[in-house]
Amino acid sequence: MQSIDAAIYEREYTKAILNTGTDPFVVLSQELRLQTANRAFYRMFGIAREAMRNVTLGSLENGAFDTARLRIQLQKMIAEGTEFEAFEVEHTFLRIGQRTLVLDARLCLCQAHRGLYLARRRPWFF
């Protein structure tokens, strides 16, 4: 029973840390489907948590993240463990207008999940 309580505590502790951040953060599956995100991501893009589960990254924001460069780099990270090279994406977003985003990603390896997380590298907006 103590190990279950410890696992619940660790999960809630991690969620609290991620949700206090002001930068959008999203976790993707190996198939590049959204798994979870922090509050900043949901607020910025006006997406409900329930509506985004298993949505493809490329289908978000009218294709803002549907670029060959992003897809290729993420797939190489998963298949080969390569480093992600941060880069800019310019797009007119539905809620926030014209913006330039600097995208960054890291491979996430743990027993329960093999995927990656996509975050921004400062500056997110210019």
# chains A, B, ... in the order shown; residues from 1 in each chain; ligands from 1

$ residues_around --residues "range 34-46 of chain A" --least-positions-apart "3" --cutoff "6 Å" --atoms "only C-alpha atoms" --output "mmCIF file with N, CA, C and O atoms, in the first residue's frame"
data_model
loop_
_atom_site.group_PDB
_atom_site.id
_atom_site.type_symbol
_atom_site.label_atom_id
_atom_site.label_comp_id
_atom_site.auth_asym_id
_atom_site.auth_seq_id
_atom_site.Cartn_x
_atom_site.Cartn_y
_atom_site.Cartn_z
ATOM 1 N N LEU A 18 4.891 20.608 -13.639
ATOM 2 C CA LEU A 18 4.652 20.910 -15.059
ATOM 3 C C LEU A 18 3.558 21.960 -15.236
ATOM 4 O O LEU A 18 3.651 22.818 -16.107
ATOM 5 N N ASN A 19 2.530 21.902 -14.412
ATOM 6 C CA ASN A 19 1.417 22.836 -14.563
ATOM 7 C C ASN A 19 1.702 24.226 -14.019
ATOM 8 O O ASN A 19 0.967 25.159 -14.328
ATOM 9 N N THR A 22 4.987 28.377 -17.188
ATOM 10 C CA THR A 22 4.252 29.261 -18.094
ATOM 11 C C THR A 22 4.499 28.925 -19.559
ATOM 12 O O THR A 22 3.849 29.486 -20.433
ATOM 13 N N ASP A 23 5.413 28.031 -19.830
ATOM 14 C CA ASP A 23 5.741 27.641 -21.192
ATOM 15 C C ASP A 23 4.932 26.411 -21.594
ATOM 16 O O ASP A 23 4.831 25.452 -20.831
ATOM 17 N N PRO A 24 4.370 26.407 -22.816
ATOM 18 C CA PRO A 24 3.648 25.224 -23.290
ATOM 19 C C PRO A 24 4.570 24.013 -23.372
ATOM 20 O O PRO A 24 5.720 24.120 -23.776
ATOM 21 N N PHE A 25 4.035 22.875 -22.987
ATOM 22 C CA PHE A 25 4.782 21.624 -22.919
ATOM 23 C C PHE A 25 3.816 20.507 -23.277
ATOM 24 O O PHE A 25 2.700 20.459 -22.750
ATOM 25 N N VAL A 26 4.196 19.625 -24.188
ATOM 26 C CA VAL A 26 3.316 18.535 -24.595
ATOM 27 C C VAL A 26 4.111 17.239 -24.680
ATOM 28 O O VAL A 26 5.286 17.243 -25.033
ATOM 29 N N VAL A 27 3.468 16.128 -24.338
ATOM 30 C CA VAL A 27 4.072 14.803 -24.442
ATOM 31 C C VAL A 27 3.406 14.089 -25.605
ATOM 32 O O VAL A 27 2.179 14.052 -25.710
ATOM 33 N N LEU A 28 4.238 13.529 -26.486
ATOM 34 C CA LEU A 28 3.757 12.830 -27.672
ATOM 35 C C LEU A 28 4.086 11.343 -27.577
ATOM 36 O O LEU A 28 5.094 10.960 -26.996
ATOM 37 N N ARG A 53 -6.693 14.105 -26.512
ATOM 38 C CA ARG A 53 -6.106 12.777 -26.324
ATOM 39 C C ARG A 53 -6.023 12.031 -27.649
ATOM 40 O O ARG A 53 -7.018 11.866 -28.337
ATOM 41 N N ASN A 54 -4.846 11.619 -28.034
ATOM 42 C CA ASN A 54 -4.562 10.852 -29.252
ATOM 43 C C ASN A 54 -4.742 11.632 -30.549
ATOM 44 O O ASN A 54 -4.756 11.051 -31.620
ATOM 45 N N VAL A 55 -4.876 12.941 -30.465
ATOM 46 C CA VAL A 55 -4.911 13.779 -31.656
ATOM 47 C C VAL A 55 -3.493 13.834 -32.214
ATOM 48 O O VAL A 55 -2.520 13.870 -31.462
#

$ select_by_dssp --residues "chain A" --states "alpha helix (DSSP H)" --output "count of residues only"
43

$ closest_residue --among "A:Leu74, A:Leu94, A:Ala6, A:Glu50" --to "Gln30 in chain A" --atoms "only C-alpha atoms"
A:Leu74

$ select_by_dssp --residues "chain A" --states "strand (DSSP E)" --output "number ranges by chain"
A: 25-28, 34-37, 87-93, 97-109, 114-120

$ atom_distance --atom1 "CA of Ser59 in chain A" --atom2 "CA of Ala16 in chain A"
27.5 Å

$ closest_residue --among "A:Met77, A:Glu83, A:Ile47, A:Arg69" --to "Arg95 in chain A" --atoms "only C-alpha atoms"
A:Ile47

$ atom_distance --atom1 "CA of Ile78 in chain A" --atom2 "CA of Ala105 in chain A"
10.9 Å

$ atom_distance --atom1 "CA of Phe65 in chain A" --atom2 "CA of Arg99 in chain A"
12.7 Å

$ closest_residue --among "A:Thr67, A:Gln2, A:Thr20, A:Thr14" --to "Glu90 in chain A" --atoms "only C-alpha atoms"
A:Thr67
